[in-house]
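Pasted below: structure00.txt, compact mmCIF, C-alpha atoms and all ligand atoms.
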# COMPACT_ATOMS: atom_id res chain seq x y z
CA MET A 1 21.57 21.96 -24.00
CA ALA A 2 18.22 20.89 -22.52
CA PHE A 3 18.40 19.76 -18.87
CA LYS A 4 16.83 16.34 -18.44
CA MET A 5 15.29 15.59 -15.04
CA LYS A 6 16.46 12.21 -13.87
CA TYR A 7 14.38 12.01 -10.68
CA LYS A 8 10.86 13.14 -9.93
CA ILE A 9 10.58 15.19 -6.75
CA ILE A 10 6.87 14.93 -5.92
CA VAL A 11 6.12 11.26 -6.53
CA ASN A 12 3.72 9.93 -3.89
CA THR A 13 3.16 10.11 -0.15
CA ILE A 14 5.35 7.04 0.51
CA LYS A 15 8.34 8.68 -1.18
CA ILE A 16 7.74 11.99 0.61
CA VAL A 17 7.51 10.20 3.98
CA ARG A 18 10.76 8.35 3.30
CA LYS A 19 12.48 11.58 2.23
CA LEU A 20 11.38 13.28 5.46
CA MET A 21 12.60 10.28 7.45
CA ASN A 22 15.97 10.27 5.72
CA GLU A 23 16.41 13.98 6.31
CA ASN A 24 15.23 14.11 9.92
CA VAL A 25 15.92 10.84 11.74
CA ARG A 26 19.49 10.76 13.00
CA ASN A 27 21.84 8.49 14.89
CA GLY A 28 20.50 8.46 18.45
CA SER A 29 16.96 9.54 17.55
CA ILE A 30 13.95 7.97 19.27
CA ALA A 31 11.26 7.11 16.71
CA LEU A 32 7.73 5.78 16.91
CA ASP A 33 5.99 3.80 14.16
CA CYS A 34 2.33 3.70 15.19
CA THR A 35 1.23 1.25 12.45
CA VAL A 36 4.09 -1.14 11.62
CA GLY A 37 2.16 -3.26 9.08
CA ASN A 38 4.69 -5.16 7.00
CA GLY A 39 7.56 -3.26 8.59
CA ASN A 40 8.83 -1.15 5.72
CA ASP A 41 8.80 2.16 7.61
CA THR A 42 10.04 0.48 10.79
CA LEU A 43 13.02 -0.96 8.92
CA LEU A 44 14.09 2.42 7.56
CA LEU A 45 13.65 4.02 10.99
CA ALA A 46 15.69 1.25 12.64
CA ASP A 47 18.49 1.83 10.17
CA LEU A 48 18.45 5.63 10.59
CA VAL A 49 18.39 5.73 14.43
CA GLY A 50 21.68 3.86 14.47
CA GLU A 51 23.13 1.90 17.36
CA ASN A 52 22.37 4.65 19.86
CA GLY A 53 18.74 5.19 18.94
CA LYS A 54 15.51 3.31 19.46
CA VAL A 55 12.25 2.63 17.60
CA TYR A 56 8.90 1.73 19.16
CA GLY A 57 6.49 -0.03 16.81
CA PHE A 58 2.76 -0.63 17.38
CA ASP A 59 0.25 -2.80 15.58
CA ILE A 60 -2.96 -4.51 16.70
CA GLN A 61 -2.33 -7.53 14.43
CA GLN A 62 0.05 -10.26 15.48
CA ILE A 63 0.78 -11.05 11.83
CA ALA A 64 1.98 -7.47 11.31
CA ILE A 65 4.25 -7.70 14.36
CA LYS A 66 5.65 -11.01 13.04
CA ASN A 67 6.17 -9.69 9.50
CA THR A 68 7.97 -6.66 10.89
CA TYR A 69 10.12 -8.72 13.25
CA ASP A 70 11.12 -11.07 10.40
CA LEU A 71 12.04 -8.15 8.15
CA LEU A 72 14.12 -6.52 10.90
CA GLN A 73 15.83 -9.82 11.64
CA GLU A 74 16.75 -10.25 7.95
CA HIS A 75 18.65 -6.98 8.30
CA SER A 76 19.98 -7.69 11.81
CA LEU A 77 18.16 -4.61 13.15
CA GLU A 78 15.65 -6.27 15.50
CA ASN A 79 17.55 -5.16 18.62
CA ARG A 80 16.87 -1.51 17.90
CA VAL A 81 13.09 -1.94 17.85
CA LYS A 82 10.58 -2.57 20.62
CA LEU A 83 7.54 -4.10 18.92
CA ILE A 84 4.22 -3.76 20.77
CA ASN A 85 1.16 -5.82 19.82
CA ASP A 86 -1.41 -3.30 21.01
CA SER A 87 -3.41 -0.35 19.77
CA HIS A 88 -1.53 2.92 19.35
CA GLU A 89 -4.18 4.64 21.47
CA TYR A 90 -2.33 3.18 24.48
CA ILE A 91 1.07 4.65 23.62
CA ASP A 92 1.36 6.11 27.10
CA ASN A 93 1.32 2.61 28.63
CA TYR A 94 4.54 1.74 26.79
CA VAL A 95 6.50 4.89 25.90
CA ASN A 96 7.82 6.83 28.86
CA GLU A 97 10.24 9.15 27.09
CA LYS A 98 10.19 11.98 24.58
CA VAL A 99 10.47 11.04 20.91
CA ASP A 100 11.88 12.78 17.86
CA PHE A 101 9.92 11.31 14.99
CA ILE A 102 6.47 9.70 14.77
CA VAL A 103 4.84 8.07 11.76
CA TYR A 104 1.31 6.76 11.09
CA ASN A 105 0.40 4.97 7.88
CA LEU A 106 -3.33 4.46 8.40
CA GLY A 107 -5.82 2.01 6.93
CA TYR A 108 -5.45 -1.76 6.62
CA LEU A 109 -2.55 -4.15 6.22
CA PRO A 110 -1.63 -4.49 2.53
CA LYS A 111 -2.37 -8.08 1.44
CA GLY A 112 -4.00 -8.64 4.84
CA ASN A 113 -7.49 -8.57 6.33
CA LYS A 114 -9.07 -5.36 4.99
CA THR A 115 -11.69 -5.27 7.74
CA ILE A 116 -9.02 -4.70 10.39
CA LYS A 117 -8.15 -1.05 9.98
CA THR A 118 -7.47 2.14 11.85
CA ASN A 119 -10.49 4.20 12.95
CA LYS A 120 -11.05 7.84 13.73
CA LYS A 121 -11.64 7.49 17.47
CA SER A 122 -8.44 5.60 18.35
CA THR A 123 -6.41 7.48 15.72
CA ILE A 124 -7.29 10.89 17.16
CA LEU A 125 -6.70 9.70 20.72
CA SER A 126 -3.33 8.34 19.66
CA ILE A 127 -2.29 11.47 17.75
CA LYS A 128 -3.14 13.59 20.81
CA LYS A 129 -0.93 11.40 23.00
CA SER A 130 1.83 11.39 20.37
CA LEU A 131 1.95 15.17 20.21
CA GLU A 132 2.41 15.26 23.99
CA ILE A 133 5.61 13.21 23.81
CA LEU A 134 7.05 14.79 20.66
CA ASN A 135 10.29 16.68 21.23
CA GLY A 136 10.81 20.27 20.05
CA ASN A 137 11.81 20.23 16.35
CA GLY A 138 10.31 16.73 16.16
CA LEU A 139 8.05 15.64 13.32
CA LEU A 140 4.81 13.66 13.27
CA LEU A 141 3.61 12.33 9.89
CA VAL A 142 0.17 10.88 9.20
CA THR A 143 -0.78 9.30 5.87
CA ALA A 144 -4.57 8.98 5.56
CA TYR A 145 -6.45 7.00 2.92
CA ILE A 146 -9.95 7.95 1.84
CA GLY A 147 -10.77 5.16 -0.63
CA HIS A 148 -12.06 2.59 1.88
CA ALA A 149 -15.12 2.62 4.16
CA GLY A 150 -14.45 4.89 7.14
CA GLY A 151 -11.32 6.40 5.55
CA LEU A 152 -12.90 9.72 4.64
CA GLU A 153 -14.39 10.15 8.13
CA GLU A 154 -11.00 9.34 9.66
CA LYS A 155 -9.22 11.84 7.39
CA GLU A 156 -11.79 14.54 8.22
CA ALA A 157 -11.44 13.94 11.95
CA ILE A 158 -7.64 14.25 11.64
CA GLU A 159 -7.84 17.38 9.52
CA ASN A 160 -10.34 18.95 11.87
CA TYR A 161 -8.18 18.17 14.90
CA LEU A 162 -4.89 19.30 13.32
CA SER A 163 -6.45 22.50 11.91
CA TYR A 164 -7.01 23.81 15.43
CA ILE A 165 -3.85 22.93 17.31
CA ASN A 166 -2.00 26.03 18.50
CA GLN A 167 0.14 27.52 15.73
CA LYS A 168 2.51 28.92 18.36
CA GLU A 169 3.35 25.32 19.26
CA TYR A 170 3.01 23.43 15.97
CA ASN A 171 3.38 23.92 12.23
CA VAL A 172 0.96 21.74 10.30
CA LEU A 173 1.37 21.06 6.59
CA LYS A 174 -0.93 19.06 4.31
CA PHE A 175 0.31 17.32 1.16
CA ASP A 176 -2.63 16.65 -1.16
CA PHE A 177 -2.34 15.56 -4.80
CA ILE A 178 -5.26 17.74 -5.87
CA ASN A 179 -5.27 16.87 -9.59
CA GLN A 180 -5.17 13.08 -9.18
CA ILE A 181 -8.10 10.71 -9.72
CA ASN A 182 -8.74 7.60 -7.58
CA SER A 183 -8.58 9.21 -4.12
CA PRO A 184 -4.82 9.45 -3.53
CA PRO A 185 -3.64 9.39 0.11
CA ILE A 186 -3.17 12.63 2.00
CA LEU A 187 -0.14 13.32 4.13
CA TYR A 188 -0.22 15.55 7.22
CA CYS A 189 3.07 16.70 8.60
CA VAL A 190 3.29 18.30 12.05
CA GLU A 191 6.41 19.99 13.38
CA LYS A 192 6.61 20.77 17.08
CA LEU A 193 8.19 24.19 17.59
C1 LIG B 1 -1.28 0.63 5.95
S1 LIG B 1 -0.79 -0.54 7.18
C2 LIG B 1 0.84 0.04 7.65
C3 LIG B 1 1.91 -0.25 6.63
C4 LIG B 1 3.32 -0.06 7.15
N1 LIG B 1 3.62 1.33 7.38
C5 LIG B 1 4.38 -0.67 6.26
O1 LIG B 1 5.39 0.00 5.97
O2 LIG B 1 4.21 -1.83 5.85
C6 LIG B 1 -1.80 -0.11 8.57
C7 LIG B 1 -1.59 -0.98 9.79
O3 LIG B 1 -2.26 -0.35 10.89
C8 LIG B 1 -2.63 -1.37 11.78
N2 LIG B 1 -3.61 -0.86 12.76
C9 LIG B 1 -4.95 -0.72 12.61
N3 LIG B 1 -5.47 -0.18 13.73
C10 LIG B 1 -4.45 0.00 14.61
C11 LIG B 1 -4.36 0.51 15.94
N4 LIG B 1 -5.44 0.96 16.59
N5 LIG B 1 -3.15 0.54 16.53
C12 LIG B 1 -2.04 0.11 15.88
N6 LIG B 1 -2.06 -0.38 14.62
C13 LIG B 1 -3.25 -0.43 13.99
C14 LIG B 1 -3.16 -2.45 10.86
O4 LIG B 1 -3.18 -3.69 11.53
C15 LIG B 1 -2.15 -2.39 9.70
O5 LIG B 1 -1.13 -3.33 9.85

Represent the structure contained in this file as structure tokens.
Ligand SMILES: C[S@@+](CC[C@H](N)C(=O)[O-])C[C@H]1O[C@@H](n2cnc3c(N)ncnc32)[C@H](O)[C@@H]1O
Amino acid sequence: MAFKMKYKIIVNTIKIVRKLMNENVRNGSIALDCTVGNGNDTLLLADLVGENGKVYGFDIQQIAIKNTYDLLQEHSLENRVKLINDSHEYIDNYVNEKVDFIVYNLGYLPKGNKTIKTNKKSTILSIKKSLEILNGNGLLLVTAYIGHAGGLEEKEAIENYLSYINQKEYNVLKFDFINQINSPPILYCVEKL
């Protein structure tokens, strides 16, 4: 009898990120969402960290902070999340503890102002600071988009930076849908050893 696959395994970067979150964020984990946007990743993180964990969420746009707060409130999870209306390059002004899981979903706010977007300078500064506070066995995920102005430069700066971090301290994996048209996003996954 032929075996019929019910689920696809490699679907898109969003599904891969969510799978990695589900498998690695546990009750009591401390997580960091560096680009909360409409709050979808923050909501899943808030659920997974449980009552004993905590999520920090950054965004430069007040509308993103509000959308995320409203979504969390709908699910009664707002008390697990500290939302910060500031750039993620200033993480160290707000987070004074080690964290287990860090996620960046770069670019602009879906359905929002497309001119307000992440940029290579603050993204690299932020990733550097994030790696300093990541716990051993912790994961940092970065989804980069190359279809908008500045996106390719940002992705190249990230890839260049992550290509040279010490392999005795970090594993770095790149997920790239190399046979797709229309510039699919690229996912970088860093594990601190
Ligand atoms: C692609 S969206 C994030 C989507 C989000 N992960 C979700 O689940 O809805 C990118 C977000 O990054 C934010 N952003 C841009 N530059 C930023 C910065 N320097 N620090 C923090 N957030 C920033 C934008 O305002 C936007 O809301």

Query - Test item: residues at most 7 Å from Gly39 of chain A, all atoms listed in the file, excluding those fewer than 3 positions along its chain, as a PyMOL selection string - result: chain A and resi 36+42-43+67-68+71

Would you write out those residues with C-alpha atoms, as a PDB file, in the coordinates of the input?
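Listing of again_20.pdb after writing:
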ATOM      1  CA  VAL A  36       4.090  -1.140  11.620  1.00  0.00           C
ATOM      2  CA  THR A  42      10.040   0.480  10.790  1.00  0.00           C
ATOM      3  CA  LEU A  43      13.020  -0.960   8.920  1.00  0.00           C
ATOM      4  CA  ASN A  67       6.170  -9.690   9.500  1.00  0.00           C
ATOM      5  CA  THR A  68       7.970  -6.660  10.890  1.00  0.00           C
ATOM      6  CA  LEU A  71      12.040  -8.150   8.150  1.00  0.00           C
TER       7      LEU A  71
END

Report task. Go through A:Leu45, A:Ile127, A:Ile165, A:Ile63 and flag the residue nearest Glu89 of chain A, using only C-alpha atoms for the distances. Result ->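 Answer, going by the shortest atom-to-atom distance: A:Ile127.
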
Report task. May I have the residues within 6 Å of ligand LIG 1 (chain B), computed using all atoms listed in the file, as a ChimeraX atom specification? Result -> /A:34-41,58-61,64,87-88,105-109,117-118,122

Requested in this report: Give me the residues within 12 Å of Leu20 of chain A as a list in words, counting only C-alpha atoms and dropping any in the same chain fewer than 3 places off.
Outcome: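 My list of contacting residues is Thr13, Ile14, Lys15, Ile16, Val17, Glu23, Asn24, Val25, Arg26, Asp41, Leu44, Leu45, Leu48, Phe101, Ile102, Val103, Gly138, Leu139, Leu140, Leu141, Leu187, Tyr188, Cys189, Val190 and Glu191 of chain A.
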
Query raised in the report: Which one is closest to Ile133 of chain A: A:Asn96, A:Gln167, A:Ser76, A:Asn113? Count only C-alpha atoms.
Result: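 Counting only C-alpha atoms, the residue closest to Ile133 of chain A is A:Asn96.
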
Requested in this report: Give me, please, the distance in Å between atom CA of Arg18 of chain A and atom CA of Ser163 of chain A, quoted to one decimal.
Outcome: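 Value for the atom CA of Arg18 of chain A-atom CA of Ser163 of chain A distance: 23.9 Å.
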
Query raised in the report: How many Å lie between atom CA of Gln180 of chain A and atom CA of Asn12 of chain A, rounded to one decimal?
Result: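 Spanning atom CA of Gln180 of chain A to atom CA of Asn12 of chain A is a straight-line distance of 10.8 Å.
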
Report summary line: Atom pair atom CA of Val49 of chain A + atom CA of Leu77 of chain A, distance 10.4 Å

Could you give me the axis-aligned bounding box of segment 50-59 of chain A, with 8 Å of padding per side, as centre plus edge lengths in Å to one decimal, as AutoDock Vina command-line options?
--center_x 11.7 --center_y 1.2 --center_z 17.2 --size_x 38.9 --size_y 24.0 --size_z 21.4

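The residue that comes closest to Tyr161 of chain A, out of A:Thr143, A:Asn79, A:Asn179, A:Thr123 and on the basis of only C-alpha atoms, is A:Thr123.
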
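The nearest approach to Lys120 of chain A among the residues A:Ile9, A:Leu72, A:Ile91, A:Leu152, with all atoms listed in the file taken into account, belongs to A:Leu152.
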